[in-house]
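Below you'll find the structure, written out as structure tokens, and then a few comments.
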Amino acid sequence: MSRLPRPVAIALLALVVLLAAYPLYGAWLFPAKHAFLMQKITGIMILAIMAMSLDLLVGIAGMVSLGHAAFFGLGGYMLAILSPEYEAANIWIVLPAALAIVAAVAAIIGALSIRTTGISFIMITLAFGQMGFYFFNDSRLAGGSDGAYIYVMPAVEIAGISLMNLENKLVFYYLVFGLFIGAYLLLKVLLASPFGRVVQAIGVNESRVKGLGFNPDHYKLVAFVIGATIAGLAGFLGAAQYGFVNPAMLSWHQSGTALVMVILGGMGTIFGPALGAFVLELARMGFEGMTEHWLLPMGLFVIAVVLLLPKGLAGLLLQLGAKPAPEPEDEA
Amino acid sequence: MDVWFFLIQALNGVQYGLLLFLVASGLTLIFGIMGIINLAHGSFYMLGAYTAYWLALKTGSLLAALVLSLPIAALVGFGIETLLVRALYKRDHLDQVLLTYGLILVFNEAQKLIWGSDVHAVAMPAVLNWSFPLTDNLSYPIYRLVISAVCAVVALGMWWVIAKTRFGMWVRAGASNREMVQALGINVKLLFGLVFAIGAALAGLAGAIAAPVSSVYPGMGDSVLILCFVVVVIGGVGSVKGAFLGAILIGLADTFGRVLVPDFASFSVYAVMAAVLLWKPKGLFA
Amino acid sequence: MSAPKSSPESSIVLETRELTKAFGGLVAVNSVSIVVREGEPHAVIGPNGAGKSTFVNLLTGHLPASGGQVLFRGRDITSLPAHRISRLGIGRSYQKTNIFPTFTVFENCRLAAQSRLSSSMRFFRPARALADVNARAERAMELAGLAARSGRVAGTMSYGEQRQLEIAMVLATGPDVLVLDEPLAGMGREESERMVTLLKGLAAQYTLVLVEHDMDAVFSLAHTLTVMVNGTLLESGPVDVVRASQAVQDAYLGDGAEAY
Ligand SMILES: Nc1ncnc2c1ncn2[C@@H]1O[C@H](COP(=O)(O)OP(=O)(O)OP(=O)(O)O)[C@@H](O)[C@H]1O
Ligand SMILES: [Mg+2]
């Protein structure tokens with residue numbers, strides 16, 4: 001419903017253009033680090049997809065999950081497990097299969113988890129996430145605690161003709177970029193739909209939604225599964241990018257980091273958590289370059305943001321970009 | 001496998017559980033009374049362990065180190081409540097989560113700056129460094145018994161304070177109904193500061209007293225934190241009694257899990273938590 | 001106001017049989033049996049803590065009953081969840097304003113109207129493109145006198161306007177029966193008068209169950225009256241009969257009747 005204020009929309013669009021054009025000017029701007037930065041930005045976009053998907057749960061539906069990384073990791077592990085060892089997997093098979101499995105697992109975990117609310121929900125999602133972590137950590141499936149390699153990128157072919165070569169970093173960059181933008185647009189479309197309106201209302205006042213005649217549990221479960229599946233996609237991409245999966249992908253640290261991106265960026269805005277992913281990761285890069293003890297300034301940075309920006313980065317942007325007098329917005 | 005083996009494991013489990021209780025009790029009270037989900041609580045455990053290690057080196061006496069590390073943890077806790085957490089009481093829970101997450105990073109890195117990244121052993125006091133013989137070839141380290149005894153005494157003391165004193169009455173009132181504390185005209189700021197400080201001190205004590213057994217190492221607070229959240233949620237958030245029983249349960253489950261089903265131990269702790277929450281979404285004693 | 005469509009022959013819409021709710025030892029609603037007939041405005045009165053809101057919560061599935069039954073058009077709905085009861089056509093408002101404060105007025109009403117779709121599991125078309133839902137929302141806003149407030153963020157409106165929104169949202173769900181819990185609570189004099197006018201209009205179109213402290217409003221609106229005290233039903237029946245009842249006079253209406 002709420003459109004972004006024009007200045008904010010323009011600023012975000014500018015950032016998107018910067019991202020889209022990065023491969024063109026990056027080599028010229030950072031000649032020494034270009035390849036590294038390409039890889040880094042690809043990784044951040046993947047994390048941003050995950051953060052946006054978590055925002056659907058946390059910021060929109062009010063379900064604070066501390067186990068979201070389980071689906072991220074599961075998506076990655078599915079690529080590793082479903083790929084033949086030394087040849088390219090067929091993406092038209094492995095991707096849908098991976099997402100279907102993530103969705104199925106999310107449906108089970110979600111159905112159990114949404115029976116609780118508040119801190120119990122946080123904890124039960126943590127519990128399921130940790131169970132996922134230990135499942136891959138302690139089992140002999142896919143390398144246990146050592147993780148597993150994916151030696152060959154999946155092939156994207158139709159009738160034997162290769163559509164894109166994912167081994168090519170540039171191609172992979174644009175694939176991830178496209179999916180990043182796609183995930184954002186998908187979430188925006190979902191939020192504007194009848195389904196999305198109900199989910200958003202649940203986040204504001206769940207019991208009223210029930211009083212109006214909706215069964216909140218159905219909508220929460222579907223939102224949970226959609227969020228998890230998008231996170232699974234992000235994990236799939238992450239595994240493809242690094243050619244490697246390990247249990248840490250499912251760990252509560254990973255879930256916590258995603259949650260921090262969401263809160264830091266600004267819950268419930270979708271673009272905020274994506275911004276949070278970029279800011280957090282770029283800050284980390286900056287601090288890492290400055291000192292070996294980069295976690296210290298990082299922690300102070302996080303603390304400063306909470307104290308100074310109650311609604312996260314997105315809140316700050318929206319405040320700066322808001323028109324002085326709130327006009328009644330046009331209907332229909 | 002015989003009776004003695006089970007007895008030893010049971011003792012270990014109870015000892016671990018009691019230790020977890022010291023940390024978890026503060027966590028549950030801080031949440032119950034102030035509504036703060038304190039991710040940095042494990043850092044107090046680490047702080048206690050490292051100050052004990054350091055003071056034991058300086059003073060040559062673990063006992064002195066233990067005694068001194070308590071007020072240090074309390075003071076740090078009090079300072080953090082007054083300077084940072086207090087600013088966020090009116091905010092969303094998640095802002096507090098983010099703040100305390102930032103604190104974890106700061107604590108972990110400060111630890112590395114001050115004490116480095118190595119694992120350090122902490123010497124047991126010579127008087128306690130012996131084992132109690134059980135059979136011809138099995139014995140039980142006396143220091144572990146001492147840990148259990150100290151934790152049990154502290155737990156009893158806590159029960160007494162909470163059940164019998166005026167301060168305890170405030171705490172009970174606050175944990176069951178946060179608004180009531182304000183209505184009773186209690187000095188809320190002081191109460192919050194004290195509870196935070198006491199929670200920190202208890203966690204610090206747990207870290208300090210466990211240091212000779214667990215040694216001290218970077219990030220040691222994190223795994224304890226997660227287990228303590230499990231304990232708190234199983235017991236019912238805000239319930240000290242629940243935290244106690246939850247802690248013993250998890251202590252035993254973890255210990256027996258490790259020896260009986262080593263591949264499945266950590267998994268089983270979380271499976272237990274999930275099962276409890278599905279059965280009683282608010283925990284056993286909420 | 002319109003003459004009572006009156007009594008026994010018009011059909012029973014809502015009925016409770018020995019409906020009971022205990023909170024631990026406190027019996028908030030104690031074996032209450034009432035009958036609400038089609039098109040007959042029914043008021044529930046009683047002092048603070050009498051159990052009126054609890055009774056409403058039982059009628060609408062917001063609380064599980066400890067005993068007894070609720071029947072809607074003869075069907076037992078006692079153990080149905082709130083959303084099912086809402087879908088059967090029993091709409092309710094809340095004593096404590098219960099809206100979506102961060103949504104606009106229109107969006108509050110639109111969502112209420114949207115609840116009547118057979119399913120809201122529709123993912124790709126914008127919700128605002130549902131013309132009949134929009135129309136229903138707009139009609140409800142108009143009825144409740146909020147047409148001019150359509151774009152306001154609900155939480156930023158005055159208390160009285162939020163109470164109006166509360167009613168508008170129920171109307172937007174297109175109910176058969178309206179159960180209103182103290183719609184006048186906390187309203188100023190003028191706001192109250194406007195609300196009473198609105199309620200009179202609604203009484204002509206819906207079967208109304210009204211919990212209210214304001215006796216003027218009750219007597220100008222209701223045809224039948226239930227008096228609750230301490231969780232128990234003191235008297236229930238046509239307004240004149242109940243008002244004349246000695247028990248009611250003694251226990252409750254004494255002061256209220258004077259004021260009236
Ligand atoms: N969820 C609850 N748990 C425990 N007791 C409750 C609960 N809800 C209501 N009560 C108690 O039940 C009794 C009836 O409350 P209720 O709100 O139904 O009264 P009421 O008639 O609506 O009063 P008022 O006119 O003040 O709105 C009161 O004593 C109240 O404290
Ligand atoms: Mg009431």
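In the structure tokens, chains take letters A, B, ... by order of appearance, with residues numbered from 1 within each chain and ligands from 1 in the order shown.
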
As a quick test: using only C-alpha atoms and all ligand atoms, which residues lie no more than 6 Å away from ligand 1? Give them as an mmCIF file with N, CA and C atoms, in the first residue's frame.
```cif
data_model
loop_
_atom_site.group_PDB
_atom_site.id
_atom_site.type_symbol
_atom_site.label_atom_id
_atom_site.label_comp_id
_atom_site.auth_asym_id
_atom_site.auth_seq_id
_atom_site.Cartn_x
_atom_site.Cartn_y
_atom_site.Cartn_z
ATOM 1 N N PHE C 23 -12.668 -18.287 34.954
ATOM 2 C CA PHE C 23 -11.221 -18.035 34.915
ATOM 3 C C PHE C 23 -10.668 -18.538 36.231
ATOM 4 N N ALA C 28 -16.843 -15.846 35.565
ATOM 5 C CA ALA C 28 -17.143 -14.539 34.973
ATOM 6 C C ALA C 28 -18.504 -14.538 34.284
ATOM 7 N N PRO C 47 -23.256 -3.857 35.762
ATOM 8 C CA PRO C 47 -22.177 -3.027 36.297
ATOM 9 C C PRO C 47 -20.806 -3.505 35.806
ATOM 10 N N ASN C 48 -19.777 -2.740 36.081
ATOM 11 C CA ASN C 48 -18.419 -3.117 35.693
ATOM 12 C C ASN C 48 -18.068 -4.489 36.246
ATOM 13 N N GLY C 49 -17.468 -5.282 35.424
ATOM 14 C CA GLY C 49 -17.044 -6.601 35.872
ATOM 15 C C GLY C 49 -18.168 -7.612 35.934
ATOM 16 N N ALA C 50 -19.340 -7.272 35.367
ATOM 17 C CA ALA C 50 -20.472 -8.193 35.418
ATOM 18 C C ALA C 50 -20.249 -9.410 34.520
ATOM 19 N N GLY C 51 -19.345 -9.276 33.586
ATOM 20 C CA GLY C 51 -19.077 -10.399 32.685
ATOM 21 C C GLY C 51 -19.615 -10.168 31.278
ATOM 22 N N LYS C 52 -19.965 -8.936 30.959
ATOM 23 C CA LYS C 52 -20.566 -8.646 29.649
ATOM 24 C C LYS C 52 -19.583 -8.903 28.509
ATOM 25 N N SER C 53 -18.376 -8.372 28.678
ATOM 26 C CA SER C 53 -17.392 -8.569 27.598
ATOM 27 C C SER C 53 -17.026 -10.038 27.464
ATOM 28 N N THR C 54 -16.921 -10.702 28.593
ATOM 29 C CA THR C 54 -16.629 -12.130 28.542
ATOM 30 C C THR C 54 -17.742 -12.856 27.787
#
```

Pull the closest atom pair for each residue of chain C that gets at most 12 Å from ligand 2, along with the distance in Å to one decimal, counting only C-alpha atoms and all ligand atoms, ordering rows by chain and then ascending residue number, as JSON lines.
```
{"residue": "C:Ala28", "atom": "CA", "partner": "ligand 2", "partner_atom_place_in_ligand_line": "1 (Mg)", "distance": 11.2}
{"residue": "C:Val44", "atom": "CA", "partner": "ligand 2", "partner_atom_place_in_ligand_line": "1 (Mg)", "distance": 10.5}
{"residue": "C:Ile45", "atom": "CA", "partner": "ligand 2", "partner_atom_place_in_ligand_line": "1 (Mg)", "distance": 9.8}
{"residue": "C:Gly46", "atom": "CA", "partner": "ligand 2", "partner_atom_place_in_ligand_line": "1 (Mg)", "distance": 9.4}
{"residue": "C:Pro47", "atom": "CA", "partner": "ligand 2", "partner_atom_place_in_ligand_line": "1 (Mg)", "distance": 9.3}
{"residue": "C:Asn48", "atom": "CA", "partner": "ligand 2", "partner_atom_place_in_ligand_line": "1 (Mg)", "distance": 7.1}
{"residue": "C:Gly49", "atom": "CA", "partner": "ligand 2", "partner_atom_place_in_ligand_line": "1 (Mg)", "distance": 6.9}
{"residue": "C:Ala50", "atom": "CA", "partner": "ligand 2", "partner_atom_place_in_ligand_line": "1 (Mg)", "distance": 8.0}
{"residue": "C:Gly51", "atom": "CA", "partner": "ligand 2", "partner_atom_place_in_ligand_line": "1 (Mg)", "distance": 6.9}
{"residue": "C:Lys52", "atom": "CA", "partner": "ligand 2", "partner_atom_place_in_ligand_line": "1 (Mg)", "distance": 5.4}
{"residue": "C:Ser53", "atom": "CA", "partner": "ligand 2", "partner_atom_place_in_ligand_line": "1 (Mg)", "distance": 3.9}
{"residue": "C:Thr54", "atom": "CA", "partner": "ligand 2", "partner_atom_place_in_ligand_line": "1 (Mg)", "distance": 7.1}
{"residue": "C:Phe55", "atom": "CA", "partner": "ligand 2", "partner_atom_place_in_ligand_line": "1 (Mg)", "distance": 8.9}
{"residue": "C:Val56", "atom": "CA", "partner": "ligand 2", "partner_atom_place_in_ligand_line": "1 (Mg)", "distance": 8.6}
{"residue": "C:Asn57", "atom": "CA", "partner": "ligand 2", "partner_atom_place_in_ligand_line": "1 (Mg)", "distance": 9.8}
{"residue": "C:Ser93", "atom": "CA", "partner": "ligand 2", "partner_atom_place_in_ligand_line": "1 (Mg)", "distance": 11.4}
{"residue": "C:Tyr94", "atom": "CA", "partner": "ligand 2", "partner_atom_place_in_ligand_line": "1 (Mg)", "distance": 8.7}
{"residue": "C:Gln95", "atom": "CA", "partner": "ligand 2", "partner_atom_place_in_ligand_line": "1 (Mg)", "distance": 6.1}
{"residue": "C:Lys96", "atom": "CA", "partner": "ligand 2", "partner_atom_place_in_ligand_line": "1 (Mg)", "distance": 8.5}
{"residue": "C:Thr97", "atom": "CA", "partner": "ligand 2", "partner_atom_place_in_ligand_line": "1 (Mg)", "distance": 11.8}
{"residue": "C:Leu180", "atom": "CA", "partner": "ligand 2", "partner_atom_place_in_ligand_line": "1 (Mg)", "distance": 10.5}
{"residue": "C:Asp181", "atom": "CA", "partner": "ligand 2", "partner_atom_place_in_ligand_line": "1 (Mg)", "distance": 6.8}
{"residue": "C:Glu182", "atom": "CA", "partner": "ligand 2", "partner_atom_place_in_ligand_line": "1 (Mg)", "distance": 7.2}
{"residue": "C:Pro183", "atom": "CA", "partner": "ligand 2", "partner_atom_place_in_ligand_line": "1 (Mg)", "distance": 10.7}
{"residue": "C:Leu184", "atom": "CA", "partner": "ligand 2", "partner_atom_place_in_ligand_line": "1 (Mg)", "distance": 11.9}
{"residue": "C:Ala185", "atom": "CA", "partner": "ligand 2", "partner_atom_place_in_ligand_line": "1 (Mg)", "distance": 9.7}
{"residue": "C:Leu210", "atom": "CA", "partner": "ligand 2", "partner_atom_place_in_ligand_line": "1 (Mg)", "distance": 11.3}
{"residue": "C:Val211", "atom": "CA", "partner": "ligand 2", "partner_atom_place_in_ligand_line": "1 (Mg)", "distance": 7.9}
{"residue": "C:Glu212", "atom": "CA", "partner": "ligand 2", "partner_atom_place_in_ligand_line": "1 (Mg)", "distance": 8.7}
{"residue": "C:His213", "atom": "CA", "partner": "ligand 2", "partner_atom_place_in_ligand_line": "1 (Mg)", "distance": 9.4}
{"residue": "C:Met228", "atom": "CA", "partner": "ligand 2", "partner_atom_place_in_ligand_line": "1 (Mg)", "distance": 11.6}
{"residue": "C:Gly231", "atom": "CA", "partner": "ligand 2", "partner_atom_place_in_ligand_line": "1 (Mg)", "distance": 11.8}
```

For chain C, work out the contacting residues on chain A at 6 Å, counting only C-alpha atoms, and write them as a VMD selection string. chain A and resid 190 192 to 195 210 to 215 328 to 329

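Here atom CA of Ile209 of chain B is placed at a distance of 20.9 Å from atom CA of Val195 of chain B.
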
Closest contacts (chain B/chain A, max 6 Å, only C-alpha atoms) as JSON lines:
```
{"residue": "B:Leu99", "atom": "CA", "partner": "A:Ile303", "partner_atom": "CA", "distance": 5.2}
{"residue": "B:Gly102", "atom": "CA", "partner": "A:Gly299", "partner_atom": "CA", "distance": 4.2}
{"residue": "B:Leu105", "atom": "CA", "partner": "A:Gly299", "partner_atom": "CA", "distance": 4.9}
{"residue": "B:Val106", "atom": "CA", "partner": "A:Leu296", "partner_atom": "CA", "distance": 4.7}
{"residue": "B:Glu109", "atom": "CA", "partner": "A:Leu296", "partner_atom": "CA", "distance": 5.4}
{"residue": "B:Asp263", "atom": "CA", "partner": "A:Asp138", "partner_atom": "CA", "distance": 5.7}
{"residue": "B:Phe267", "atom": "CA", "partner": "A:Met131", "partner_atom": "CA", "distance": 5.2}
{"residue": "B:Tyr270", "atom": "CA", "partner": "A:Ala127", "partner_atom": "CA", "distance": 5.0}
{"residue": "B:Ala274", "atom": "CA", "partner": "A:Ile124", "partner_atom": "CA", "distance": 5.7}
{"residue": "B:Pro281", "atom": "CA", "partner": "A:Thr116", "partner_atom": "CA", "distance": 5.5}
```

If you run DSSP on this backbone, which residues of segment 107-296 of chain A come out as strand (DSSP E or B), and could you give them as a ChimeraX atom specification? /A:148-149,155-158,161-164,244-245

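Excluding Gly219 of chain B itself and same-chain residues fewer than 5 positions from it, the residues having an atom within 9 Å of it are Ser43, Met46, Asn108 and Gln111 of chain B, counting only C-alpha atoms.
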
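You will find atom CA of Thr224 of chain C at 28.3 Å from atom CA of Glu142 of chain C.
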
Suppose you want the space between atom CA of Met220 of chain B and atom CA of Gly238 of chain B; what is it in Å? 24.5 Å
